[in-house]
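Participant: Input model_27.pdb, format and content: PDB, C-alpha atoms and all ligand atoms.
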MODEL        1
ATOM      1  CA  MET B   1      -1.855 -14.614 -11.612  1.00  0.00           C
ATOM      2  CA  ASN B   2      -3.322 -11.134 -12.232  1.00  0.00           C
ATOM      3  CA  LYS B   3      -2.083 -10.503 -15.740  1.00  0.00           C
ATOM      4  CA  GLY B   4      -1.980  -6.848 -16.695  1.00  0.00           C
ATOM      5  CA  SER B   5      -2.805  -5.692 -13.173  1.00  0.00           C
ATOM      6  CA  GLY B   6       0.384  -3.779 -12.382  1.00  0.00           C
ATOM      7  CA  LYS B   7       3.711  -4.802 -10.883  1.00  0.00           C
ATOM      8  CA  ARG B   8       4.620  -4.745  -7.221  1.00  0.00           C
ATOM      9  CA  LEU B   9       7.643  -2.481  -6.702  1.00  0.00           C
ATOM     10  CA  ASN B  10       9.875  -2.674  -3.628  1.00  0.00           C
ATOM     11  CA  GLN B  11      11.429   0.766  -3.888  1.00  0.00           C
ATOM     12  CA  TYR B  12      11.018   4.427  -3.073  1.00  0.00           C
ATOM     13  CA  VAL B  13       9.377   6.671  -5.661  1.00  0.00           C
ATOM     14  CA  LYS B  14       8.848  10.423  -5.181  1.00  0.00           C
ATOM     15  CA  ASP B  15       5.549  10.721  -7.059  1.00  0.00           C
ATOM     16  CA  TYR B  16       2.666   8.472  -6.029  1.00  0.00           C
ATOM     17  CA  VAL B  17      -0.844   8.160  -4.618  1.00  0.00           C
ATOM     18  CA  VAL B  18      -1.050   6.605  -1.161  1.00  0.00           C
ATOM     19  CA  PHE B  19      -4.503   5.165  -0.537  1.00  0.00           C
ATOM     20  CA  ASP B  20      -6.569   3.211   1.945  1.00  0.00           C
ATOM     21  CA  LEU B  21     -10.009   1.618   2.045  1.00  0.00           C
ATOM     22  CA  GLU B  22     -12.385   0.725   4.838  1.00  0.00           C
ATOM     23  CA  THR B  23     -14.713  -2.217   4.155  1.00  0.00           C
ATOM     24  CA  THR B  24     -17.585  -4.223   5.648  1.00  0.00           C
ATOM     25  CA  GLY B  25     -15.301  -7.252   6.051  1.00  0.00           C
ATOM     26  CA  LEU B  26     -12.356  -9.225   4.702  1.00  0.00           C
ATOM     27  CA  SER B  27     -13.677 -10.790   1.469  1.00  0.00           C
ATOM     28  CA  PRO B  28     -13.397  -8.759  -1.762  1.00  0.00           C
ATOM     29  CA  GLU B  29     -16.045 -11.075  -3.242  1.00  0.00           C
ATOM     30  CA  THR B  30     -18.759 -10.718  -0.599  1.00  0.00           C
ATOM     31  CA  ASP B  31     -17.841  -7.554   1.308  1.00  0.00           C
ATOM     32  CA  GLU B  32     -18.120  -3.928   0.248  1.00  0.00           C
ATOM     33  CA  ILE B  33     -16.022  -0.770   0.344  1.00  0.00           C
ATOM     34  CA  ILE B  34     -17.402   1.865   2.754  1.00  0.00           C
ATOM     35  CA  GLU B  35     -14.636   4.486   2.635  1.00  0.00           C
ATOM     36  CA  ILE B  36     -11.940   5.486   0.128  1.00  0.00           C
ATOM     37  CA  SER B  37      -9.133   7.937   0.832  1.00  0.00           C
ATOM     38  CA  GLY B  38      -6.027   8.921  -1.060  1.00  0.00           C
ATOM     39  CA  LEU B  39      -3.224  11.483  -1.016  1.00  0.00           C
ATOM     40  CA  LYS B  40      -1.498  12.580  -4.197  1.00  0.00           C
ATOM     41  CA  VAL B  41       2.205  13.086  -3.569  1.00  0.00           C
ATOM     42  CA  ARG B  42       4.710  14.897  -5.769  1.00  0.00           C
ATOM     43  CA  ASN B  43       8.402  14.992  -4.890  1.00  0.00           C
ATOM     44  CA  GLY B  44       7.598  13.546  -1.445  1.00  0.00           C
ATOM     45  CA  LYS B  45       5.023  16.260  -0.616  1.00  0.00           C
ATOM     46  CA  VAL B  46       1.233  15.876  -0.358  1.00  0.00           C
ATOM     47  CA  MET B  47      -0.378  18.011  -3.077  1.00  0.00           C
ATOM     48  CA  GLU B  48      -4.015  16.877  -3.137  1.00  0.00           C
ATOM     49  CA  ASN B  49      -6.288  14.676  -1.132  1.00  0.00           C
ATOM     50  CA  PHE B  50      -9.355  12.573  -1.783  1.00  0.00           C
ATOM     51  CA  THR B  51     -11.758  11.116   0.726  1.00  0.00           C
ATOM     52  CA  THR B  52     -15.305   9.824   0.561  1.00  0.00           C
ATOM     53  CA  LEU B  53     -17.578   7.555   2.509  1.00  0.00           C
ATOM     54  CA  VAL B  54     -19.325   5.012   0.278  1.00  0.00           C
ATOM     55  CA  ASN B  55     -22.875   3.744   0.710  1.00  0.00           C
ATOM     56  CA  PRO B  56     -22.558  -0.080   0.477  1.00  0.00           C
ATOM     57  CA  ASP B  57     -26.328  -0.445  -0.044  1.00  0.00           C
ATOM     58  CA  ARG B  58     -26.475  -2.994   2.782  1.00  0.00           C
ATOM     59  CA  PRO B  59     -26.090  -2.943   6.563  1.00  0.00           C
ATOM     60  CA  ILE B  60     -22.554  -2.612   7.930  1.00  0.00           C
ATOM     61  CA  PRO B  61     -21.826  -5.501  10.330  1.00  0.00           C
ATOM     62  CA  TYR B  62     -20.919  -4.547  13.870  1.00  0.00           C
ATOM     63  CA  SER B  63     -17.588  -6.372  13.464  1.00  0.00           C
ATOM     64  CA  ALA B  64     -16.585  -3.708  10.913  1.00  0.00           C
ATOM     65  CA  THR B  65     -18.032  -0.702  12.735  1.00  0.00           C
ATOM     66  CA  ARG B  66     -16.135  -1.781  15.859  1.00  0.00           C
ATOM     67  CA  ILE B  67     -12.834  -1.444  13.954  1.00  0.00           C
ATOM     68  CA  ASN B  68     -13.351   1.654  11.800  1.00  0.00           C
ATOM     69  CA  GLY B  69     -16.204   3.408  13.621  1.00  0.00           C
ATOM     70  CA  ILE B  70     -18.236   3.795  10.399  1.00  0.00           C
ATOM     71  CA  THR B  71     -21.991   3.323  10.973  1.00  0.00           C
ATOM     72  CA  ASP B  72     -25.017   2.812   8.687  1.00  0.00           C
ATOM     73  CA  GLU B  73     -26.135   6.311   9.565  1.00  0.00           C
ATOM     74  CA  MET B  74     -22.830   7.809   8.402  1.00  0.00           C
ATOM     75  CA  VAL B  75     -23.035   6.236   4.919  1.00  0.00           C
ATOM     76  CA  GLN B  76     -26.772   6.776   4.409  1.00  0.00           C
ATOM     77  CA  SER B  77     -26.367   9.885   2.235  1.00  0.00           C
ATOM     78  CA  ALA B  78     -22.916   8.942   0.846  1.00  0.00           C
ATOM     79  CA  PRO B  79     -22.508   8.149  -2.882  1.00  0.00           C
ATOM     80  CA  LEU B  80     -22.714   4.537  -4.053  1.00  0.00           C
ATOM     81  CA  LEU B  81     -19.602   2.586  -5.111  1.00  0.00           C
ATOM     82  CA  LYS B  82     -19.798   3.286  -8.845  1.00  0.00           C
ATOM     83  CA  PRO B  83     -19.588   7.108  -8.757  1.00  0.00           C
ATOM     84  CA  SER B  84     -17.120   6.959  -5.848  1.00  0.00           C
ATOM     85  CA  LEU B  85     -14.770   4.647  -7.733  1.00  0.00           C
ATOM     86  CA  ASN B  86     -15.172   6.599 -10.920  1.00  0.00           C
ATOM     87  CA  GLU B  87     -13.978   9.728  -9.150  1.00  0.00           C
ATOM     88  CA  PHE B  88     -11.188   7.896  -7.333  1.00  0.00           C
ATOM     89  CA  LEU B  89      -9.835   6.323 -10.549  1.00  0.00           C
ATOM     90  CA  THR B  90      -9.715   9.780 -12.103  1.00  0.00           C
ATOM     91  CA  PHE B  91      -7.833  10.999  -9.014  1.00  0.00           C
ATOM     92  CA  ILE B  92      -5.172   8.247  -9.182  1.00  0.00           C
ATOM     93  CA  GLY B  93      -4.691   8.374 -12.960  1.00  0.00           C
ATOM     94  CA  ASN B  94      -1.598   6.362 -13.897  1.00  0.00           C
ATOM     95  CA  ASP B  95       0.216   7.070 -10.617  1.00  0.00           C
ATOM     96  CA  ILE B  96       2.098   4.407  -8.724  1.00  0.00           C
ATOM     97  CA  LEU B  97      -0.109   3.357  -5.803  1.00  0.00           C
ATOM     98  CA  VAL B  98       1.290   3.074  -2.290  1.00  0.00           C
ATOM     99  CA  GLY B  99      -0.452   1.448   0.657  1.00  0.00           C
ATOM    100  CA  HIS B 100      -0.106  -0.938   3.553  1.00  0.00           C
ATOM    101  CA  ASN B 101      -1.084  -4.552   2.837  1.00  0.00           C
ATOM    102  CA  ILE B 102      -2.642  -3.455  -0.460  1.00  0.00           C
ATOM    103  CA  HIS B 103      -1.146  -6.439  -2.332  1.00  0.00           C
ATOM    104  CA  SER B 104      -3.366  -8.881  -0.379  1.00  0.00           C
ATOM    105  CA  PHE B 105      -6.239  -6.637   0.643  1.00  0.00           C
ATOM    106  CA  ASP B 106      -7.133  -3.168  -0.681  1.00  0.00           C
ATOM    107  CA  LEU B 107      -6.109  -3.759  -4.311  1.00  0.00           C
ATOM    108  CA  ASN B 108      -8.356  -6.823  -4.487  1.00  0.00           C
ATOM    109  CA  PHE B 109     -11.332  -4.730  -3.331  1.00  0.00           C
ATOM    110  CA  LEU B 110     -10.407  -1.968  -5.766  1.00  0.00           C
ATOM    111  CA  ARG B 111      -9.975  -4.342  -8.739  1.00  0.00           C
ATOM    112  CA  ASN B 112     -13.132  -6.241  -7.939  1.00  0.00           C
ATOM    113  CA  GLY B 113     -15.187  -3.064  -7.454  1.00  0.00           C
ATOM    114  CA  ALA B 114     -13.841  -1.414 -10.629  1.00  0.00           C
ATOM    115  CA  ARG B 115     -14.547  -4.530 -12.686  1.00  0.00           C
ATOM    116  CA  ARG B 116     -18.053  -4.969 -11.263  1.00  0.00           C
ATOM    117  CA  THR B 117     -19.270  -1.383 -11.414  1.00  0.00           C
ATOM    118  CA  LEU B 118     -17.234   0.200 -14.237  1.00  0.00           C
ATOM    119  CA  GLY B 119     -15.953  -2.743 -16.276  1.00  0.00           C
ATOM    120  CA  GLN B 120     -12.436  -1.379 -15.768  1.00  0.00           C
ATOM    121  CA  SER B 121      -9.175  -2.969 -14.661  1.00  0.00           C
ATOM    122  CA  ILE B 122      -6.603  -1.358 -12.362  1.00  0.00           C
ATOM    123  CA  GLN B 123      -3.197  -1.518 -14.049  1.00  0.00           C
ATOM    124  CA  ASN B 124      -1.177   0.836 -11.846  1.00  0.00           C
ATOM    125  CA  ASP B 125       2.139  -0.416 -10.484  1.00  0.00           C
ATOM    126  CA  TYR B 126       2.214  -0.331  -6.712  1.00  0.00           C
ATOM    127  CA  VAL B 127       4.349  -0.364  -3.581  1.00  0.00           C
ATOM    128  CA  ASP B 128       3.072  -2.358  -0.610  1.00  0.00           C
ATOM    129  CA  THR B 129       4.667  -0.820   2.489  1.00  0.00           C
ATOM    130  CA  LEU B 130       4.076  -4.085   4.377  1.00  0.00           C
ATOM    131  CA  PHE B 131       6.554  -5.854   2.057  1.00  0.00           C
ATOM    132  CA  LEU B 132       8.928  -2.906   2.103  1.00  0.00           C
ATOM    133  CA  ALA B 133       8.855  -2.676   5.913  1.00  0.00           C
ATOM    134  CA  LYS B 134       9.653  -6.380   6.273  1.00  0.00           C
ATOM    135  CA  ILE B 135      12.692  -5.870   4.018  1.00  0.00           C
ATOM    136  CA  CYS B 136      13.889  -2.588   5.580  1.00  0.00           C
ATOM    137  CA  LEU B 137      13.052  -3.310   9.223  1.00  0.00           C
ATOM    138  CA  PRO B 138      13.499  -7.070   9.726  1.00  0.00           C
ATOM    139  CA  GLN B 139      14.243  -6.425  13.411  1.00  0.00           C
ATOM    140  CA  LEU B 140      10.625  -5.387  14.168  1.00  0.00           C
ATOM    141  CA  PRO B 141       8.496  -8.243  15.595  1.00  0.00           C
ATOM    142  CA  ARG B 142       5.360  -6.986  13.773  1.00  0.00           C
ATOM    143  CA  HIS B 143       4.843  -4.792  10.730  1.00  0.00           C
ATOM    144  CA  ARG B 144       1.313  -3.415  11.019  1.00  0.00           C
ATOM    145  CA  LEU B 145       0.999   0.239   9.994  1.00  0.00           C
ATOM    146  CA  THR B 146       0.702   1.291  13.658  1.00  0.00           C
ATOM    147  CA  ASP B 147       3.904  -0.680  14.461  1.00  0.00           C
ATOM    148  CA  LEU B 148       5.795   1.249  11.765  1.00  0.00           C
ATOM    149  CA  ALA B 149       4.350   4.562  12.934  1.00  0.00           C
ATOM    150  CA  ALA B 150       5.402   3.803  16.513  1.00  0.00           C
ATOM    151  CA  HIS B 151       8.895   2.877  15.302  1.00  0.00           C
ATOM    152  CA  PHE B 152       9.218   6.164  13.394  1.00  0.00           C
ATOM    153  CA  HIS B 153       7.572   8.236  16.203  1.00  0.00           C
ATOM    154  CA  ILE B 154       4.639   9.147  13.965  1.00  0.00           C
ATOM    155  CA  GLU B 155       1.240  10.054  15.489  1.00  0.00           C
ATOM    156  CA  THR B 156      -1.214   7.085  15.394  1.00  0.00           C
ATOM    157  CA  LYS B 157      -4.335   8.913  16.614  1.00  0.00           C
ATOM    158  CA  GLY B 158      -7.434   8.133  14.544  1.00  0.00           C
ATOM    159  CA  ALA B 159      -5.998   4.913  13.087  1.00  0.00           C
ATOM    160  CA  HIS B 160      -8.438   2.734  11.085  1.00  0.00           C
ATOM    161  CA  ARG B 161     -10.222   5.591   9.382  1.00  0.00           C
ATOM    162  CA  ALA B 162      -9.061   5.685   5.770  1.00  0.00           C
ATOM    163  CA  PHE B 163      -7.835   9.287   5.677  1.00  0.00           C
ATOM    164  CA  ASN B 164      -5.833   9.096   8.920  1.00  0.00           C
ATOM    165  CA  ASP B 165      -4.263   5.838   7.785  1.00  0.00           C
ATOM    166  CA  CYS B 166      -3.220   7.500   4.498  1.00  0.00           C
ATOM    167  CA  VAL B 167      -1.532  10.342   6.388  1.00  0.00           C
ATOM    168  CA  MET B 168       0.272   7.852   8.649  1.00  0.00           C
ATOM    169  CA  ASN B 169       1.188   5.626   5.719  1.00  0.00           C
ATOM    170  CA  GLN B 170       2.556   8.516   3.667  1.00  0.00           C
ATOM    171  CA  LEU B 171       4.889   9.573   6.505  1.00  0.00           C
ATOM    172  CA  CYS B 172       5.991   5.949   7.060  1.00  0.00           C
ATOM    173  CA  TYR B 173       6.714   5.482   3.343  1.00  0.00           C
ATOM    174  CA  GLU B 174       8.878   8.615   3.297  1.00  0.00           C
ATOM    175  CA  LYS B 175      10.819   7.239   6.306  1.00  0.00           C
ATOM    176  CA  LEU B 176      11.235   3.860   4.612  1.00  0.00           C
ATOM    177  CA  GLY B 177      12.381   5.763   1.531  1.00  0.00           C
ATOM    178  CA  MET B 178      15.059   7.520   3.564  1.00  0.00           C
ATOM    179  CA  LEU B 179      16.296   4.163   4.845  1.00  0.00           C
ATOM    180  CA  LEU B 180      16.536   2.936   1.255  1.00  0.00           C
ATOM    181  CA  GLU B 181      18.269   6.082  -0.027  1.00  0.00           C
ATOM    182  CA  ASN B 182      20.779   6.014   2.845  1.00  0.00           C
ATOM    183  CA  ALA B 183      21.509   2.390   2.096  1.00  0.00           C
ATOM    184  CA  LYS B 184      22.135   3.253  -1.565  1.00  0.00           C
ATOM    185  CA  GLU B 185      24.612   6.016  -0.724  1.00  0.00           C
ATOM    186  CA  ASN B 186      26.384   4.100   1.980  1.00  0.00           C
ATOM    187  CA  THR B 187      28.568   1.658   0.095  1.00  0.00           C
ATOM    188  CA  ALA B 188      30.356   0.277   3.156  1.00  0.00           C
ATOM    189  CA  PRO B 189      30.824  -3.480   3.052  1.00  0.00           C
ATOM    190  CA  GLY B 190      28.143  -5.425   4.876  1.00  0.00           C
ATOM    191  CA  GLN B 191      25.535  -2.836   3.908  1.00  0.00           C
ATOM    192  CA  ALA B 192      22.071  -4.253   4.612  1.00  0.00           C
ATOM    193  CA  LEU B 193      20.046  -2.797   1.737  1.00  0.00           C
ATOM    194  CA  PRO B 194      21.720  -2.769  -1.667  1.00  0.00           C
ATOM    195  CA  THR B 195      19.468  -2.207  -4.648  1.00  0.00           C
ATOM    196  CA  CYS B 196      19.144  -4.080  -7.917  1.00  0.00           C
ATOM    197  CA  PRO B 197      21.130  -2.494 -10.796  1.00  0.00           C
ATOM    198  CA  LYS B 198      18.641  -3.949 -13.275  1.00  0.00           C
ATOM    199  CA  CYS B 199      15.292  -2.774 -11.882  1.00  0.00           C
ATOM    200  CA  GLY B 200      15.982  -0.593  -8.819  1.00  0.00           C
ATOM    201  CA  ASN B 201      14.165  -2.800  -6.312  1.00  0.00           C
ATOM    202  CA  VAL B 202      15.791  -3.779  -3.038  1.00  0.00           C
ATOM    203  CA  LEU B 203      18.096  -6.810  -2.985  1.00  0.00           C
ATOM    204  CA  ILE B 204      17.440  -9.418  -0.314  1.00  0.00           C
ATOM    205  CA  LYS B 205      20.036 -11.797   1.138  1.00  0.00           C
ATOM    206  CA  ARG B 206      19.043 -15.355   0.371  1.00  0.00           C
ATOM    207  CA  ASN B 207      20.549 -18.706   1.193  1.00  0.00           C
ATOM    208  CA  GLY B 208      21.126 -20.986  -1.765  1.00  0.00           C
ATOM    209  CA  LYS B 209      22.601 -24.416  -2.265  1.00  0.00           C
ATOM    210  CA  PHE B 210      26.059 -22.856  -2.614  1.00  0.00           C
ATOM    211  CA  GLY B 211      25.785 -20.358   0.238  1.00  0.00           C
ATOM    212  CA  ALA B 212      24.402 -16.857   0.714  1.00  0.00           C
ATOM    213  CA  PHE B 213      23.750 -14.497  -2.223  1.00  0.00           C
ATOM    214  CA  TRP B 214      21.857 -11.253  -2.922  1.00  0.00           C
ATOM    215  CA  GLY B 215      18.735 -11.676  -5.044  1.00  0.00           C
ATOM    216  CA  CYS B 216      16.277  -9.111  -6.378  1.00  0.00           C
ATOM    217  CA  SER B 217      13.162  -8.699  -4.185  1.00  0.00           C
ATOM    218  CA  SER B 218      11.004  -8.563  -7.296  1.00  0.00           C
ATOM    219  CA  PHE B 219      11.948 -12.170  -8.170  1.00  0.00           C
ATOM    220  CA  PRO B 220      10.600 -13.880 -10.245  1.00  0.00           C
ATOM    221  CA  SER B 221       9.880 -10.867 -12.499  1.00  0.00           C
ATOM    222  CA  CYS B 222      13.569  -9.865 -12.115  1.00  0.00           C
ATOM    223  CA  ARG B 223      16.187 -12.613 -11.751  1.00  0.00           C
ATOM    224  CA  TYR B 224      19.219 -10.486 -10.904  1.00  0.00           C
ATOM    225  CA  THR B 225      21.618 -11.956  -8.312  1.00  0.00           C
ATOM    226  CA  GLN B 226      25.074 -11.076  -7.024  1.00  0.00           C
ATOM    227  CA  ASN B 227      27.550 -12.667  -4.641  1.00  0.00           C
ATOM    228  CA  ALA B 228      27.130 -11.888  -0.961  1.00  0.00           C
TER
HETATM  229 ZN    ZN L 301      15.805  -6.512 -10.067  1.00  0.00          ZN
ENDMDL
END
Take the structure I supplied and represent it as structure tokens, if you would.
Ligand SMILES: [Zn+2]
Facilitator:
Amino acid sequence: MNKGSGKRLNQYVKDYVVFDLETTGLSPETDEIIEISGLKVRNGKVMENFTTLVNPDRPIPYSATRINGITDEMVQSAPLLKPSLNEFLTFIGNDILVGHNIHSFDLNFLRNGARRTLGQSIQNDYVDTLFLAKICLPQLPRHRLTDLAAHFHIETKGAHRAFNDCVMNQLCYEKLGMLLENAKENTAPGQALPTCPKCGNVLIKRNGKFGAFWGCSSFPSCRYTQNA
């Protein structure tokens, strides 16, 4: 696995950078980043933002433009990946990163790009709101960012451009955070979202050989369990 590349956290933190990328396709090996956006959040409030188009130095396939609306013309005079990433890494510093599906998608592009162009690794811990949403809102049939936004009555206009997705994602993360905090305070029996006393991540109900139990959602890095 990615040693030294940051831990996935399933919890609410008040200080973080929420980010999103647009790309020419799905493969971090053969596709390129064409837009990077981020919002720096302190105590749940957006303090600073970052957004840049990136010139991928190759044509953008129509399959990508159809989704994000970014054309060759738009990136023609944009900076290349190296200076863009350099600036973005300065922006994020050591912050915890938050994003939707970043565990399987955006972080791979970011790590690959940083290694290739700057010889750097990305070691920030991170929260993937896709994982968190599946834990907090198991009743939803789908957990795309637009599904969460619809559930929380958050505006979805302009989805699939990096900056708009960051704004949407930040609001969704704060809502998920409220669900988690409420669950922590509400100690009524049968509570759906207890948290791990060892690491602070959400506990998930699991079924074992000897019946149901609560296990830490960051298993296997945390092995805490308690009786259901
Ligand atoms: Zn734990």
Participant: Would you mind listing what lies within 8 Å of B:Trp214 as a list in words, with all atoms listed in the file counted and same-chain residues fewer than 6 positions away left out?
Facilitator: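 These residues fall inside the cut-off: Leu203, Ile204, Lys205, Arg206, Thr225, Gln226, Asn227 and Ala228 of chain B.
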Participant: Atom CA of B:Asp95 and atom CA of B:Ser121 are how many Å apart?
Facilitator: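 Rounded to one decimal, the two atoms are 14.3 Å apart.
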Participant: Please, which residues in chain B fall within 9 Å of ligand ZN 301 (chain L) when counting all atoms listed in the file, and what is the closest atom pair and distance in Å to one decimal for each, ordered by chain then residue number, as a Markdown table?
Facilitator:
| residue | atom | partner | partner_atom | distance |
| --- | --- | --- | --- | --- |
| B:Thr195 | CA | L:ZN301 | ZN | 7.8 |
| B:Cys196 | CA | L:ZN301 | ZN | 4.7 |
| B:Pro197 | CA | L:ZN301 | ZN | 6.7 |
| B:Lys198 | CA | L:ZN301 | ZN | 5.0 |
| B:Cys199 | CA | L:ZN301 | ZN | 4.2 |
| B:Gly200 | CA | L:ZN301 | ZN | 6.1 |
| B:Asn201 | CA | L:ZN301 | ZN | 5.5 |
| B:Val202 | CA | L:ZN301 | ZN | 7.5 |
| B:Leu203 | CA | L:ZN301 | ZN | 7.4 |
| B:Gly215 | CA | L:ZN301 | ZN | 7.8 |
| B:Cys216 | CA | L:ZN301 | ZN | 4.5 |
| B:Ser217 | CA | L:ZN301 | ZN | 6.8 |
| B:Ser218 | CA | L:ZN301 | ZN | 5.9 |
| B:Phe219 | CA | L:ZN301 | ZN | 7.1 |
| B:Ser221 | CA | L:ZN301 | ZN | 7.7 |
| B:Cys222 | CA | L:ZN301 | ZN | 4.5 |
| B:Arg223 | CA | L:ZN301 | ZN | 6.3 |
| B:Tyr224 | CA | L:ZN301 | ZN | 5.3 |
| B:Thr225 | CA | L:ZN301 | ZN | 8.2 |
Participant: Report as JSON lines the residues of stretch 95-178 of chain B within 9 Å of stretch 22-46 of chain B, each with its shortest atom pair and distance in Å (one decimal), using all atoms listed in the file, ordered by chain and increasing residue number.
Facilitator:
{"residue": "B:Asp95", "atom": "CA", "partner": "B:Lys40", "partner_atom": "CA", "distance": 8.6}
{"residue": "B:Phe105", "atom": "CA", "partner": "B:Leu26", "partner_atom": "CA", "distance": 7.8}
{"residue": "B:Asp106", "atom": "CA", "partner": "B:Pro28", "partner_atom": "CA", "distance": 8.5}
{"residue": "B:Asn108", "atom": "CA", "partner": "B:Pro28", "partner_atom": "CA", "distance": 6.0}
{"residue": "B:Phe109", "atom": "CA", "partner": "B:Pro28", "partner_atom": "CA", "distance": 4.8}
{"residue": "B:Leu110", "atom": "CA", "partner": "B:Ile33", "partner_atom": "CA", "distance": 8.4}
{"residue": "B:Arg111", "atom": "CA", "partner": "B:Pro28", "partner_atom": "CA", "distance": 8.9}
{"residue": "B:Asn112", "atom": "CA", "partner": "B:Pro28", "partner_atom": "CA", "distance": 6.7}
{"residue": "B:Gly113", "atom": "CA", "partner": "B:Ile33", "partner_atom": "CA", "distance": 8.2}
{"residue": "B:His160", "atom": "CA", "partner": "B:Glu22", "partner_atom": "CA", "distance": 7.7}
{"residue": "B:Arg161", "atom": "CA", "partner": "B:Glu22", "partner_atom": "CA", "distance": 7.0}
{"residue": "B:Ala162", "atom": "CA", "partner": "B:Ser37", "partner_atom": "CA", "distance": 5.4}
{"residue": "B:Phe163", "atom": "CA", "partner": "B:Ser37", "partner_atom": "CA", "distance": 5.2}
{"residue": "B:Asn164", "atom": "CA", "partner": "B:Ser37", "partner_atom": "CA", "distance": 8.8}
{"residue": "B:Asp165", "atom": "CA", "partner": "B:Ser37", "partner_atom": "CA", "distance": 8.7}
{"residue": "B:Cys166", "atom": "CA", "partner": "B:Gly38", "partner_atom": "CA", "distance": 6.4}
{"residue": "B:Val167", "atom": "CA", "partner": "B:Leu39", "partner_atom": "CA", "distance": 7.7}
{"residue": "B:Gln170", "atom": "CA", "partner": "B:Leu39", "partner_atom": "CA", "distance": 8.0}
{"residue": "B:Glu174", "atom": "CA", "partner": "B:Gly44", "partner_atom": "CA", "distance": 7.0}
Participant: With 4 Å on each side, where is the centre of the axis-aligned box around all listed atoms of stretch 59-64 of chain B, and how long are its edges in Å to one decimal, as AutoDock Vina command-line options?
Facilitator:
--center_x -21.3 --center_y -4.5 --center_z 10.2 --size_x 17.5 --size_y 11.8 --size_z 15.3
Participant: For the atom pair atom CA of B:Leu171 and atom CA of B:Val13, what is the interatomic distance in Å to one decimal place?
Facilitator: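 It comes out at 13.3 Å.
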